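Have a look at the structure below, then the notes.
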Amino acid sequence: MSKKSVEESQADAVARRAKGEFVRGVSGFRSVLGEDADFPAEPGRYHLFVALNCPWCHRVTLARNVLGLQASITLDVAFPSRTTEGDPIEPNRWEFNPMRIASLTGTTLPECTFETATGQNFRLAKQIYEAEGSGEASVPILYDKKTKRIVANESAEIIRMLNAQARALGSTIADDLRPNLYPAGDENADLRRNIDTLNDQIYVGINNGAYKAGFSSDQAVYEAAFEKYFDTLGALEKRLAIDGRLFLTGDSFKEADLRLFPTLYRHDPVYYVRMKLNGARILDYPNLWRWLCRVYALPSVADSNSLVHCRQGYFGRSWNNVVPLGPFHPMPYPEAYAHPELAS
């Protein structure tokens, strides 16, 4: 797996942040489920801590769902807005609190849960890390309920290991029907290289690029990220148009598709405004829009996330905590994703 497609360079990170650039940190837990002797691949043993508004978490909920691991890998969902300045422990942290009220809906969010895997009923994701002597605080977290230890917290590596160990982990989908996101074997070497190249392109230009644009406070950094984002969308649009392929690498859903989907899923209803990526909608790219609808229609994909959580999480962190109600033209989202014919 290319380092670029997993994490951002930390060179001069302090100075870059001081100048207004958003620099993503590096995940510290990198064990490999099924290869590390401490973490064998077993059904019912592992757990995911996620936030549905987070696109990095969306990767792993997508993988869990499309690989048929919902019954085998349990899940806790954080409230989409971070803790406030008045929090008794710490502000700006992921919180497992299903009693919180979302400003968008005026009620609790049914997907949110308490923390159920550690036996400690921790409220903050940060406390799960502190139990292992770590100062990290991010999600997703892949957790071993048997040893009460964190396995991994890098989303790209989690989806890769879930795919490799899907059968051993207890997938409910037969081998010949289950998507193989990153096929092994010499006969698939070219396909893996193709996926890796796309992963690099998508990570730099789209996944991390959206955050570079939206969360950097330097105009030049924003403009460079904006241009790179839309240049990459244009390249992917052309790629899909060349031979009418269904997915990025051909006729079947692969890891590159999975890694692109969370960002594009958020673009029109959230990132267009919140990340200042108002150059165009995905709806303005006919091939990408039809691809987005095609992925959304795959079994269990729609259940892997919530745009209510996305809207609450992103706009709930803005200065006035007001969540926009649109878009509603040509129709509300995510309903629009069931209509590939909307693309011009």
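Letters A, B, ... mark the chains of the structure tokens in the order given; residue numbers begin at 1 per chain; ligand numbers begin at 1, in order shown.
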
Lys238 of chain A surroundings by only C-alpha atoms, 12 Å radius, close-in-sequence under 3 positions cut, as an MDAnalysis selection string: chainID A and resid 231:235 241:245 248 285:288

Would you mind exporting C-alpha atoms of the selected residues as a PDB file, in the first residue's frame?
ATOM      1  CA  ASP A 231      -8.688  18.599 -11.866  1.00  0.00           C
ATOM      2  CA  THR A 232      -8.883  15.155 -10.285  1.00  0.00           C
ATOM      3  CA  LEU A 233     -12.656  15.008 -10.678  1.00  0.00           C
ATOM      4  CA  GLY A 234     -12.191  15.871 -14.344  1.00  0.00           C
ATOM      5  CA  ALA A 235      -9.618  13.116 -14.811  1.00  0.00           C
ATOM      6  CA  ALA A 241     -16.124   7.877 -20.120  1.00  0.00           C
ATOM      7  CA  ILE A 242     -13.376   6.117 -22.110  1.00  0.00           C
ATOM      8  CA  ASP A 243     -15.050   2.750 -22.430  1.00  0.00           C
ATOM      9  CA  GLY A 244     -18.264   3.184 -20.484  1.00  0.00           C
ATOM     10  CA  ARG A 245     -16.861   1.131 -17.606  1.00  0.00           C
ATOM     11  CA  LEU A 248     -12.962   2.866 -11.824  1.00  0.00           C
ATOM     12  CA  TYR A 285     -20.235  15.275 -14.125  1.00  0.00           C
ATOM     13  CA  PRO A 286     -22.539  12.760 -15.868  1.00  0.00           C
ATOM     14  CA  ASN A 287     -20.225   9.751 -15.650  1.00  0.00           C
ATOM     15  CA  LEU A 288     -19.235  10.384 -12.042  1.00  0.00           C
TER      16      LEU A 288
END

Alpha helix (DSSP H) per DSSP on the backbone: members of segment 46-176 of chain A, as a VMD selection string: chain A and resid 55 to 66 125 to 130 155 to 164 166 to 169

Dump of C-alpha atoms for the selected residues, as a PDB file, in the first residue's frame:
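Output file result-v7.pdb is given in full below:
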ATOM      1  CA  PRO A  55     -15.415  10.102   5.625  1.00  0.00           C
ATOM      2  CA  TRP A  56     -12.510   8.023   6.969  1.00  0.00           C
ATOM      3  CA  CYS A  57     -14.999   6.135   9.146  1.00  0.00           C
ATOM      4  CA  HIS A  58     -17.319   5.844   6.159  1.00  0.00           C
ATOM      5  CA  ARG A  59     -14.600   3.819   4.436  1.00  0.00           C
ATOM      6  CA  VAL A  60     -14.680   1.171   7.130  1.00  0.00           C
ATOM      7  CA  THR A  61     -18.476   1.058   7.509  1.00  0.00           C
ATOM      8  CA  LEU A  62     -18.666   0.608   3.733  1.00  0.00           C
ATOM      9  CA  ALA A  63     -16.150  -2.233   3.855  1.00  0.00           C
ATOM     10  CA  ARG A  64     -17.952  -3.867   6.789  1.00  0.00           C
ATOM     11  CA  ASN A  65     -21.249  -3.729   4.913  1.00  0.00           C
ATOM     12  CA  VAL A  66     -20.261  -4.707   1.375  1.00  0.00           C
ATOM     13  CA  ALA A 125     -13.085   8.080  22.090  1.00  0.00           C
ATOM     14  CA  LYS A 126     -10.062   9.742  23.669  1.00  0.00           C
ATOM     15  CA  GLN A 127     -10.589   7.637  26.810  1.00  0.00           C
ATOM     16  CA  ILE A 128     -10.277   4.426  24.778  1.00  0.00           C
ATOM     17  CA  TYR A 129      -6.823   5.566  23.702  1.00  0.00           C
ATOM     18  CA  GLU A 130      -5.875   6.746  27.177  1.00  0.00           C
ATOM     19  CA  SER A 155      -8.827   3.535   7.828  1.00  0.00           C
ATOM     20  CA  ALA A 156      -6.974   2.528   4.649  1.00  0.00           C
ATOM     21  CA  GLU A 157      -5.305  -0.356   6.470  1.00  0.00           C
ATOM     22  CA  ILE A 158      -8.515  -1.430   8.202  1.00  0.00           C
ATOM     23  CA  ILE A 159     -10.431  -1.815   4.939  1.00  0.00           C
ATOM     24  CA  ARG A 160      -7.542  -3.750   3.412  1.00  0.00           C
ATOM     25  CA  MET A 161      -7.430  -6.242   6.291  1.00  0.00           C
ATOM     26  CA  LEU A 162     -11.211  -6.642   6.455  1.00  0.00           C
ATOM     27  CA  ASN A 163     -11.179  -7.589   2.791  1.00  0.00           C
ATOM     28  CA  ALA A 164      -8.288 -10.032   3.179  1.00  0.00           C
ATOM     29  CA  ALA A 166     -13.567 -11.472   5.289  1.00  0.00           C
ATOM     30  CA  ARG A 167     -14.210 -15.214   5.249  1.00  0.00           C
ATOM     31  CA  ALA A 168     -12.331 -15.892   8.494  1.00  0.00           C
ATOM     32  CA  LEU A 169     -14.102 -12.985  10.185  1.00  0.00           C
TER      33      LEU A 169
END

My list of candidates is A:Met331, A:Leu277, A:Leu69, A:Leu124. Which is closest to Phe96 of chain A when distances are computed with only C-alpha atoms?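 Once distances to Phe96 of chain A are computed over only C-alpha atoms, the minimum belongs to A:Leu124.
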
With a distance cut-off of 9 Å and only C-alpha atoms, select the neighbouring residues of segment 263-267 of chain A, excluding the residue or stretch itself and same-chain residues fewer than 5 positions from it, and output the selection as a count of residues only. 19

Which of these residues is nearest to Arg45 of chain A, using only C-alpha atoms: A:Gln70, A:Glu85, A:Arg93, A:Lys146?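 Under the stated criterion, the closest residue is A:Lys146.
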
Residue contacts of Phe253 of chain A (10 Å, only C-alpha atoms) excluding same-chain residues fewer than 2 positions away, as a list in words: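 Returned residues: Val66, Pro179, Asn180, Leu181, Tyr182, Leu246, Phe247, Leu248, Thr249, Gly250, Asp251, Glu255, Ala256, Asp257, Leu258, Arg294, Val295 and Leu298 of chain A.
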
Hey, can you spit out that residue selection with C-alpha atoms as a PDB file, in the first residue's frame?
ATOM      1  CA  VAL A  66     -20.261  -4.707   1.375  1.00  0.00           C
ATOM      2  CA  PRO A 179     -16.739  -8.247  -3.614  1.00  0.00           C
ATOM      3  CA  ASN A 180     -12.967  -8.713  -3.572  1.00  0.00           C
ATOM      4  CA  LEU A 181     -11.759  -5.172  -3.083  1.00  0.00           C
ATOM      5  CA  TYR A 182      -8.041  -5.875  -3.531  1.00  0.00           C
ATOM      6  CA  LEU A 246     -19.085   0.650 -14.580  1.00  0.00           C
ATOM      7  CA  PHE A 247     -16.378   1.230 -11.964  1.00  0.00           C
ATOM      8  CA  LEU A 248     -12.962   2.866 -11.824  1.00  0.00           C
ATOM      9  CA  THR A 249     -10.943  -0.237 -12.700  1.00  0.00           C
ATOM     10  CA  GLY A 250     -13.488  -2.077 -14.836  1.00  0.00           C
ATOM     11  CA  ASP A 251     -16.784  -3.844 -14.341  1.00  0.00           C
ATOM     12  CA  GLU A 255     -10.993  -0.604  -3.248  1.00  0.00           C
ATOM     13  CA  ALA A 256     -10.451   2.559  -5.311  1.00  0.00           C
ATOM     14  CA  ASP A 257     -14.212   2.903  -5.741  1.00  0.00           C
ATOM     15  CA  LEU A 258     -14.759   2.410  -2.034  1.00  0.00           C
ATOM     16  CA  ARG A 294     -24.330   2.838  -9.142  1.00  0.00           C
ATOM     17  CA  VAL A 295     -22.252   2.451  -5.971  1.00  0.00           C
ATOM     18  CA  LEU A 298     -25.004  -1.787  -4.233  1.00  0.00           C
TER      19      LEU A 298
END

DSSP on the backbone, strand (DSSP E) only: what residues of segment 127-278 of chain A does that give? Format it as a PyMOL selection string. chain A and resi 141-144+149-152

With N, CA and C atoms retained, export the selected residues as a PDB file, in the first residue's frame.
ATOM      1  N   ILE A 141     -11.714   3.345  14.954  1.00  0.00           N
ATOM      2  CA  ILE A 141     -10.875   2.466  15.754  1.00  0.00           C
ATOM      3  C   ILE A 141     -11.359   1.034  15.540  1.00  0.00           C
ATOM      4  N   LEU A 142     -10.460   0.153  15.164  1.00  0.00           N
ATOM      5  CA  LEU A 142     -10.754  -1.287  15.149  1.00  0.00           C
ATOM      6  C   LEU A 142     -10.249  -1.847  16.469  1.00  0.00           C
ATOM      7  N   TYR A 143     -11.149  -2.476  17.232  1.00  0.00           N
ATOM      8  CA  TYR A 143     -10.883  -2.846  18.628  1.00  0.00           C
ATOM      9  C   TYR A 143     -11.096  -4.338  18.841  1.00  0.00           C
ATOM     10  N   ASP A 144     -10.224  -4.938  19.645  1.00  0.00           N
ATOM     11  CA  ASP A 144     -10.330  -6.351  19.999  1.00  0.00           C
ATOM     12  C   ASP A 144     -11.044  -6.471  21.345  1.00  0.00           C
ATOM     13  N   ARG A 149      -7.896  -4.328  23.493  1.00  0.00           N
ATOM     14  CA  ARG A 149      -6.808  -3.549  22.896  1.00  0.00           C
ATOM     15  C   ARG A 149      -7.227  -3.001  21.540  1.00  0.00           C
ATOM     16  N   ILE A 150      -6.626  -1.880  21.181  1.00  0.00           N
ATOM     17  CA  ILE A 150      -6.825  -1.310  19.854  1.00  0.00           C
ATOM     18  C   ILE A 150      -5.961  -2.075  18.859  1.00  0.00           C
ATOM     19  N   VAL A 151      -6.567  -2.507  17.765  1.00  0.00           N
ATOM     20  CA  VAL A 151      -5.824  -3.188  16.706  1.00  0.00           C
ATOM     21  C   VAL A 151      -5.223  -2.172  15.751  1.00  0.00           C
ATOM     22  N   ALA A 152      -6.073  -1.289  15.233  1.00  0.00           N
ATOM     23  CA  ALA A 152      -5.628  -0.337  14.214  1.00  0.00           C
ATOM     24  C   ALA A 152      -6.557   0.858  14.202  1.00  0.00           C
TER      25      ALA A 152
END

Go through A:Val308, A:Asp87, A:Glu223, A:Glu154 and flag the residue nearest Leu109 of chain A, using only C-alpha atoms for the distances.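 Result for the nearest residue to Leu109 of chain A: A:Val308.
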
Show which residues sit within 12 Å of Asp196 of chain A, as an NGL selection string. Count only C-alpha atoms, and ignore same-chain residues fewer than 2 positions away. :A and (1-6 or 156 or 160 or 181-183 or 189-194 or 198-203 or 248-249 or 254-257 or 259)

Find the distance between atom CA of Asp284 of chain A and atom CA of Ala225 of chain A and write it in Å to one decimal.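 Here the two named atoms are 19.5 Å from each other.
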
Surrounding residues of Arg317 of chain A excluding itself and chain neighbours under 2 positions, 10 Å, only C-alpha atoms, as a PyMOL selection string: chain A and resi 80-82+84+92+311-315+319-323

Return the single residue from A:Cys112, A:Ala280, A:Val270, A:Cys54 that is closest to Phe230 of chain A, with distances computed using only C-alpha atoms.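 When distances to Phe230 of chain A are compared using only C-alpha atoms, the smallest one comes from A:Ala280.
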
Using only C-alpha atoms, which residues sit within 10 Å of Pro330 of chain A once same-chain residues fewer than 5 positions away are excluded, as a ChimeraX atom specification? /A:283,336,342

Could you write those residues out with N, CA and C atoms, as a compact mmCIF listing (two decimals), in the first residue's frame?
# COMPACT_ATOMS: atom_id res chain seq x y z
N LEU A 283 -23.25 16.22 -9.70
CA LEU A 283 -24.34 16.13 -10.66
C LEU A 283 -23.96 16.73 -12.01
N ALA A 336 -31.65 11.69 -4.21
CA ALA A 336 -31.14 11.93 -5.56
C ALA A 336 -30.22 10.81 -6.04
N LEU A 342 -30.65 11.92 -13.49
CA LEU A 342 -30.58 13.35 -13.22
C LEU A 342 -29.36 14.02 -13.86

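Atom to atom, atom CA of Lys145 of chain A and atom CA of Ala117 of chain A stand 6.0 Å apart.
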
Please indicate the distance in Å from atom CA of Thr74 of chain A to atom CA of Phe29 of chain A, rounded to one decimal place. 19.3 Å

Return the single residue from A:Pro98, A:Pro269, A:Pro299, A:Pro340 that is closest to Pro110 of chain A, with distances computed using only C-alpha atoms.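 Of A:Pro98, A:Pro269, A:Pro299, A:Pro340, the one nearest Pro110 of chain A is A:Pro98, counting only C-alpha atoms.
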